[in-house]
2 protein chains.
Amino acid sequence: MTALQDRSNYPITVDSVIFGYAEGALQVALIERERDPFKGMWAIPGGFMEGDETVEETAHRELKEETGLESIYLEQFHVCSSHGRDPRGRTITVAFFALIDSDKYHMVASQDALQAKWWPAYKLPPLAFHQDEIYQKALQALRIAVKTRPIAFELLPKFFTLTQLQILFEQLFGIAIDKRNFRRKVAKMEFIVATDKKQEGEKHRPATLYYYDQKRYKEFYNI
Amino acid sequence: MTALQDRSNYPITVDSVIFGYAEGALQVALIERERDPFKGMWAIPGGFMEGDETVEETAHRELKEETGLESIYLEQFHVCSSHGRDPRGRTITVAFFALIDSDKYHMVASQDALQAKWWPAYKLPPLAFHQDEIYQKALQALRIAVKTRPIAFELLPKFFTLTQLQILFEQLFGIAIDKRNFRRKVAKMEFIVATDKKQEGEKHRPATLYYYDQKRYKEFYNI
DNA sequence: GCAAAAGTGTTCCCAGTACACCCATGT
DNA sequence: ACATGGGTGTACTGGGAACACTTTTGC
């Protein structure tokens, strides 16, 4: 038919490193493999690109199939075309990271029909398909993305406390942040807006809830 | 044979946005298309992935075929799988940027058998295959990469003057930099090393030549 | 001696950092 | 009352930004 069909064609897989944040720790969702290769090991969720999907569509579809979630923040960060990762044959893998709101998807309760389980981001088991390198790249890409764009909020519920935000950054970058300095800095960011709501159900002084206002973000940076 | 062959397979192309730096301006190498589609338009050089190459191998091979250069700095930055870019059929495109040393590849002289021509990075013609968006992403990726890693030197000859380095940064980020502040900052970076050589053949006071020392860079940042 | 770019110091300001105590709530 | 995390101010320091003149070379 066309000249394009004379060329080499390749199967493409899309893997998504799903990040969440719960109980004061950054978490990653992994799937336990039920069959060989790598039966019993844990792996980054993913699947084959099919038909006339774009890679973004594949990522969203797989994410919905595996977590039930839609409208999730997804960002591609790497293509891996090295040999020998899948013993069944060669694939080209496009890797994404996904950020999900712990409010919408309850994580640590993981008696799931989905075989998916949350793991603390800094204590993962060995991964199938030699995905450890991809995971490290995902972490790096996430850190750069969080510094560059206002996407940390994708990991938080719509209304969050400043302590939640602070601990999230501490987790992401593996550092300790001074509370007063952090709050002074946040106070200058007019797109992180205080509400008159308070956290409820805690056994201490209730914290003020904040939200991220995208419109103010754009005004703030003249976008 | 294997389960993988039941899946959808896709032709993959690799495009490389080639950046150079000459005559005080950031430059981009484009190819004039000799046939339809988009005959007569300019395009980012690229080609099909073949056989059991990795995408990196494809990028290096294409770059060698089109410029004759080997050992070029290449970095992937995006996958484009949208429809309708190539009217001949659907392809999945992995985009790289390449950085080349203007000393090795003489740019502005472009009476080339290769149909390749250098264009000022901020005055490109409209691009074939709707590659304008990919080019914008390449510029962004280059800026982030230059801020993150010591790769600006890939665009310069081995020995360069501080004014060359300064103008390169001004070009990359579209800003004006104060000469004294810039030099003070460079002086603190022990991996940018002064030689006792001087620039020759200029009609003014000759500038000291510097070089980038990777070993000192790693020591400097404890890598 | 003139044109052209190389090279050089000081001041100011803001952002980052270090640091300790009182407050509001639940039990 | 006590335990727990929420919330606040000040002083120091280092890096970025603004700014103008002398020096060395080729012609």
# chains A, B, ... in the order shown; residues from 1 in each chain; ligands from 1
>>> select_by_dssp(residues="range 36-67 of chain A", states="helix (DSSP H, G or I)", output="PyMOL selection string")
chain A and resi 55-67
>>> write_last_selection(atoms="C-alpha atoms", output="PDB file, in the first residue's frame")
ATOM      1  CA  VAL A  55       0.878   6.711  23.561  1.00  0.00           C
ATOM      2  CA  GLU A  56      -0.994   9.114  25.839  1.00  0.00           C
ATOM      3  CA  GLU A  57      -4.233   7.305  25.095  1.00  0.00           C
ATOM      4  CA  THR A  58      -2.584   3.979  25.826  1.00  0.00           C
ATOM      5  CA  ALA A  59      -1.311   5.285  29.142  1.00  0.00           C
ATOM      6  CA  HIS A  60      -4.733   6.590  30.141  1.00  0.00           C
ATOM      7  CA  ARG A  61      -6.441   3.369  29.081  1.00  0.00           C
ATOM      8  CA  GLU A  62      -4.028   1.168  31.013  1.00  0.00           C
ATOM      9  CA  LEU A  63      -4.298   3.395  34.035  1.00  0.00           C
ATOM     10  CA  LYS A  64      -8.058   3.177  33.969  1.00  0.00           C
ATOM     11  CA  GLU A  65      -7.980  -0.589  33.565  1.00  0.00           C
ATOM     12  CA  GLU A  66      -5.627  -0.992  36.479  1.00  0.00           C
ATOM     13  CA  THR A  67      -6.811   1.629  38.939  1.00  0.00           C
TER      14      THR A  67
END
>>> residues_around(residues="Arg184 in chain B", least_positions_apart="5", cutoff="12 Å", atoms="only C-alpha atoms (C1' of nucleotides)", output="MDAnalysis selection string")
(chainID B and resid 162 166 177:179 189:190 192) or (chainID C and resid 7:9) or (chainID D and resid 15:16)
>>> write_last_selection(atoms="N, CA and C atoms (P, O5', C5', C4', C3', O3' and C1' of nucleotides)", output="short mmCIF file (atom, residue, chain, number, x, y, z; two decimals), in the first residue's frame")
data_model
loop_
_atom_site.label_atom_id
_atom_site.label_comp_id
_atom_site.auth_asym_id
_atom_site.auth_seq_id
_atom_site.Cartn_x
_atom_site.Cartn_y
_atom_site.Cartn_z
N LEU B 162 35.60 33.50 27.06
CA LEU B 162 34.46 33.73 27.95
C LEU B 162 33.35 34.50 27.25
N GLN B 166 29.55 33.42 27.06
CA GLN B 166 28.48 34.32 27.51
C GLN B 166 27.43 34.51 26.43
N ILE B 177 23.25 39.31 29.58
CA ILE B 177 23.99 39.00 30.79
C ILE B 177 25.07 40.05 30.99
N ASP B 178 25.23 40.49 32.22
CA ASP B 178 26.27 41.46 32.55
C ASP B 178 27.63 40.77 32.52
N LYS B 179 28.56 41.40 31.80
CA LYS B 179 29.87 40.77 31.60
C LYS B 179 30.61 40.52 32.90
N MET B 189 33.69 28.66 39.12
CA MET B 189 33.54 27.28 38.62
C MET B 189 34.92 26.78 38.20
N GLU B 190 35.49 25.98 39.07
CA GLU B 190 36.88 25.59 38.85
C GLU B 190 37.04 24.65 37.67
N ILE B 192 35.91 25.31 34.72
CA ILE B 192 36.12 26.10 33.50
C ILE B 192 37.50 26.73 33.66
P DG C 7 40.16 38.33 28.26
"O5'" DG C 7 40.08 39.31 29.52
"C5'" DG C 7 41.24 40.02 29.90
"C4'" DG C 7 40.88 41.09 30.90
"C3'" DG C 7 40.15 40.59 32.16
"O3'" DG C 7 40.99 40.78 33.27
"C1'" DG C 7 39.25 42.62 31.34
P DT C 8 40.68 40.02 34.63
"O5'" DT C 8 40.75 41.14 35.76
"C5'" DT C 8 41.25 42.44 35.48
"C4'" DT C 8 40.48 43.49 36.26
"C3'" DT C 8 39.72 43.02 37.51
"O3'" DT C 8 39.98 43.93 38.56
"C1'" DT C 8 38.29 44.27 36.16
P DG C 9 40.04 43.48 40.07
"O5'" DG C 9 39.49 44.79 40.81
"C5'" DG C 9 38.29 45.38 40.35
"C4'" DG C 9 37.76 46.37 41.36
"C3'" DG C 9 37.67 45.86 42.80
"O3'" DG C 9 37.73 46.97 43.69
"C1'" DG C 9 35.49 46.01 41.83
P DG D 15 27.71 32.42 47.65
"O5'" DG D 15 26.55 32.68 46.59
"C5'" DG D 15 25.23 32.14 46.79
"C4'" DG D 15 24.29 32.85 45.84
"C3'" DG D 15 24.90 33.13 44.49
"O3'" DG D 15 23.89 32.99 43.50
"C1'" DG D 15 24.38 35.18 45.55
P DG D 16 24.16 33.28 41.99
"O5'" DG D 16 23.28 34.57 41.70
"C5'" DG D 16 21.88 34.54 41.92
"C4'" DG D 16 21.29 35.90 41.63
"C3'" DG D 16 21.65 36.45 40.25
"O3'" DG D 16 20.49 37.04 39.70
"C1'" DG D 16 22.43 37.94 41.94
#
>>> interface_residues(of="chain B", to="chain C", cutoff="7 Å", atoms="only C-alpha atoms (C1' of nucleotides)", output="count of residues only")
3
>>> closest_atom_pairs(of="chain D", to="chain B", cutoff="8 Å", atoms="only C-alpha atoms (C1' of nucleotides)", output="JSON lines")
{"residue": "D:DT24", "atom": "C1'", "partner": "B:Arg205", "partner_atom": "CA", "distance": 4.7}
{"residue": "D:DT25", "atom": "C1'", "partner": "B:Arg205", "partner_atom": "CA", "distance": 3.8}
{"residue": "D:DG26", "atom": "C1'", "partner": "B:Lys203", "partner_atom": "CA", "distance": 4.5}
{"residue": "D:DC27", "atom": "C1'", "partner": "B:Lys203", "partner_atom": "CA", "distance": 7.8}
>>> write_last_selection(atoms="N, CA, C and O atoms (P, O5', C5', C4', C3', O3' and C1' of nucleotides)", output="PDB file, in the first residue's frame")
ATOM      1  P    DT D  24      47.931  46.220  29.477  1.00  0.00           P
ATOM      2  O5'  DT D  24      47.716  45.586  28.034  1.00  0.00           O
ATOM      3  C5'  DT D  24      47.038  44.345  27.935  1.00  0.00           C
ATOM      4  C4'  DT D  24      46.530  44.195  26.519  1.00  0.00           C
ATOM      5  C3'  DT D  24      47.614  44.276  25.430  1.00  0.00           C
ATOM      6  O3'  DT D  24      47.672  43.004  24.836  1.00  0.00           O
ATOM      7  C1'  DT D  24      45.634  45.458  24.840  1.00  0.00           C
ATOM      8  P    DT D  25      49.022  42.537  24.085  1.00  0.00           P
ATOM      9  O5'  DT D  25      48.664  42.889  22.583  1.00  0.00           O
ATOM     10  C5'  DT D  25      47.873  41.977  21.859  1.00  0.00           C
ATOM     11  C4'  DT D  25      46.959  42.705  20.892  1.00  0.00           C
ATOM     12  C3'  DT D  25      47.574  43.149  19.578  1.00  0.00           C
ATOM     13  O3'  DT D  25      47.597  42.071  18.692  1.00  0.00           O
ATOM     14  C1'  DT D  25      45.772  44.546  20.358  1.00  0.00           C
ATOM     15  P    DG D  26      48.172  42.272  17.214  1.00  0.00           P
ATOM     16  O5'  DG D  26      46.980  43.040  16.463  1.00  0.00           O
ATOM     17  C5'  DG D  26      45.750  42.371  16.211  1.00  0.00           C
ATOM     18  C4'  DG D  26      44.967  43.143  15.159  1.00  0.00           C
ATOM     19  C3'  DG D  26      45.733  43.376  13.854  1.00  0.00           C
ATOM     20  O3'  DG D  26      44.792  43.292  12.777  1.00  0.00           O
ATOM     21  C1'  DG D  26      45.261  45.472  14.879  1.00  0.00           C
ATOM     22  P    DC D  27      45.315  43.440  11.291  1.00  0.00           P
ATOM     23  O5'  DC D  27      45.103  44.991  10.962  1.00  0.00           O
ATOM     24  C5'  DC D  27      43.765  45.520  11.000  1.00  0.00           C
ATOM     25  C4'  DC D  27      43.824  47.022  10.798  1.00  0.00           C
ATOM     26  C3'  DC D  27      44.703  47.463   9.626  1.00  0.00           C
ATOM     27  O3'  DC D  27      43.893  48.079   8.629  1.00  0.00           O
ATOM     28  C1'  DC D  27      45.075  48.806  11.566  1.00  0.00           C
TER      29       DC D  27
END
>>> select_by_dssp(residues="range 6-158 of chain B", states="strand (DSSP E)", output="CSV table (one decimal) with C-alpha atoms, in the first residue's frame")
chain,number,residue,atom,x,y,z
B,9,ASN,CA,3.2,-3.0,15.4
B,10,TYR,CA,4.3,0.4,14.5
B,11,PRO,CA,6.9,2.1,12.2
B,12,ILE,CA,9.2,4.3,14.3
B,13,THR,CA,11.0,7.4,13.1
B,14,VAL,CA,13.8,9.2,14.9
B,15,ASP,CA,14.1,13.0,14.4
B,16,SER,CA,17.1,15.0,15.6
B,17,VAL,CA,17.0,18.7,16.1
B,18,ILE,CA,20.6,19.6,15.5
B,19,PHE,CA,21.8,22.7,17.3
B,20,GLY,CA,25.0,24.5,16.5
B,21,TYR,CA,26.5,27.8,17.4
B,22,ALA,CA,28.2,30.1,14.9
B,25,ALA,CA,24.0,32.9,17.1
B,26,LEU,CA,22.4,29.6,18.0
B,27,GLN,CA,21.7,27.7,14.8
B,28,VAL,CA,19.6,24.7,13.7
B,29,ALA,CA,20.3,22.4,10.8
B,30,LEU,CA,17.3,21.7,8.6
B,31,ILE,CA,16.9,19.6,5.5
B,32,GLU,CA,15.1,20.7,2.4
B,42,TRP,CA,12.3,22.5,5.4
B,43,ALA,CA,12.3,19.7,7.9
B,46,GLY,CA,15.4,12.1,10.7
B,47,GLY,CA,14.6,8.7,9.4
B,48,PHE,CA,13.2,5.3,10.2
B,73,TYR,CA,26.0,14.6,22.0
B,74,LEU,CA,22.4,13.3,21.6
B,75,GLU,CA,19.5,13.4,24.1
B,76,GLN,CA,16.0,12.2,23.6
B,77,PHE,CA,13.3,14.5,24.8
B,78,HIS,CA,9.9,13.5,23.4
B,79,VAL,CA,7.7,10.9,21.7
B,80,CYS,CA,5.1,12.1,19.3
B,92,ILE,CA,5.6,7.0,16.1
B,93,THR,CA,8.4,9.6,16.3
B,94,VAL,CA,11.1,9.7,18.9
B,95,ALA,CA,12.7,13.2,19.0
B,96,PHE,CA,16.3,13.9,20.0
B,97,PHE,CA,18.3,17.1,20.2
B,98,ALA,CA,21.9,17.0,19.0
B,99,LEU,CA,24.7,19.4,20.0
B,116,ALA,CA,21.3,20.6,4.9
B,117,LYS,CA,21.4,24.2,5.8
B,118,TRP,CA,21.9,26.1,9.0
B,119,TRP,CA,19.2,28.5,10.2
B,120,PRO,CA,19.2,30.9,13.0
>>> decode(residues="range 15-45 of chain A", atoms="N, CA and C atoms", output="compact mmCIF listing (two decimals), in the first residue's frame")
# COMPACT_ATOMS: atom_id res chain seq x y z
N ASP A 15 4.56 2.05 29.86
CA ASP A 15 4.62 1.79 31.30
C ASP A 15 4.36 3.08 32.05
N SER A 16 3.60 2.99 33.16
CA SER A 16 3.34 4.20 33.95
C SER A 16 3.76 3.99 35.39
N VAL A 17 4.70 4.80 35.81
CA VAL A 17 5.11 4.79 37.21
C VAL A 17 4.12 5.68 37.96
N ILE A 18 3.27 5.03 38.77
CA ILE A 18 2.19 5.76 39.42
C ILE A 18 2.62 6.20 40.80
N PHE A 19 2.68 7.51 40.99
CA PHE A 19 3.06 8.05 42.30
C PHE A 19 1.82 8.49 43.06
N GLY A 20 1.84 8.21 44.34
CA GLY A 20 0.81 8.70 45.23
C GLY A 20 1.47 9.22 46.49
N TYR A 21 0.65 9.67 47.42
CA TYR A 21 1.20 10.24 48.64
C TYR A 21 0.22 9.94 49.75
N ALA A 22 0.66 9.15 50.72
CA ALA A 22 -0.25 8.80 51.80
C ALA A 22 0.55 8.56 53.07
N GLU A 23 -0.07 8.90 54.18
CA GLU A 23 0.55 8.66 55.49
C GLU A 23 1.95 9.25 55.56
N GLY A 24 2.09 10.44 54.99
CA GLY A 24 3.36 11.12 55.10
C GLY A 24 4.49 10.52 54.29
N ALA A 25 4.15 9.71 53.29
CA ALA A 25 5.22 9.12 52.49
C ALA A 25 4.82 9.07 51.03
N LEU A 26 5.81 9.28 50.17
CA LEU A 26 5.61 9.12 48.74
C LEU A 26 5.48 7.63 48.45
N GLN A 27 4.51 7.27 47.61
CA GLN A 27 4.23 5.86 47.36
C GLN A 27 4.23 5.59 45.86
N VAL A 28 4.46 4.35 45.51
CA VAL A 28 4.45 3.92 44.11
C VAL A 28 3.60 2.67 43.99
N ALA A 29 2.74 2.65 42.97
CA ALA A 29 1.88 1.48 42.77
C ALA A 29 2.59 0.48 41.87
N LEU A 30 2.65 -0.78 42.34
CA LEU A 30 3.27 -1.84 41.55
C LEU A 30 2.28 -2.99 41.40
N ILE A 31 2.50 -3.77 40.37
CA ILE A 31 1.64 -4.92 40.08
C ILE A 31 2.45 -6.19 40.26
N GLU A 32 1.82 -7.16 40.90
CA GLU A 32 2.51 -8.44 41.05
C GLU A 32 2.23 -9.29 39.82
N ARG A 33 3.29 -9.84 39.25
CA ARG A 33 3.11 -10.63 38.02
C ARG A 33 2.58 -12.01 38.37
N GLU A 34 1.53 -12.40 37.64
CA GLU A 34 0.88 -13.68 37.93
C GLU A 34 1.41 -14.79 37.06
N ARG A 35 2.20 -14.44 36.05
CA ARG A 35 2.72 -15.50 35.17
C ARG A 35 4.13 -15.14 34.73
N ASP A 36 4.78 -16.11 34.16
CA ASP A 36 6.11 -15.85 33.62
C ASP A 36 6.02 -14.98 32.40
N PRO A 37 7.04 -14.24 32.02
CA PRO A 37 8.31 -14.15 32.74
C PRO A 37 8.19 -13.31 34.02
N PHE A 38 9.10 -13.56 34.93
CA PHE A 38 9.19 -12.81 36.19
C PHE A 38 7.97 -13.04 37.08
N LYS A 39 7.39 -14.25 37.00
CA LYS A 39 6.24 -14.57 37.85
C LYS A 39 6.57 -14.34 39.32
N GLY A 40 5.65 -13.67 40.02
CA GLY A 40 5.84 -13.40 41.44
C GLY A 40 6.62 -12.12 41.73
N MET A 41 7.23 -11.54 40.72
CA MET A 41 7.94 -10.28 40.96
C MET A 41 6.97 -9.11 40.80
N TRP A 42 7.46 -7.98 41.25
CA TRP A 42 6.66 -6.77 41.13
C TRP A 42 7.12 -5.96 39.93
N ALA A 43 6.15 -5.27 39.29
CA ALA A 43 6.48 -4.55 38.06
C ALA A 43 5.70 -3.25 37.98
N ILE A 44 6.26 -2.34 37.21
CA ILE A 44 5.56 -1.10 36.90
C ILE A 44 4.39 -1.43 35.98
N PRO A 45 3.19 -0.96 36.28
CA PRO A 45 2.06 -1.30 35.42
C PRO A 45 2.22 -0.75 34.02
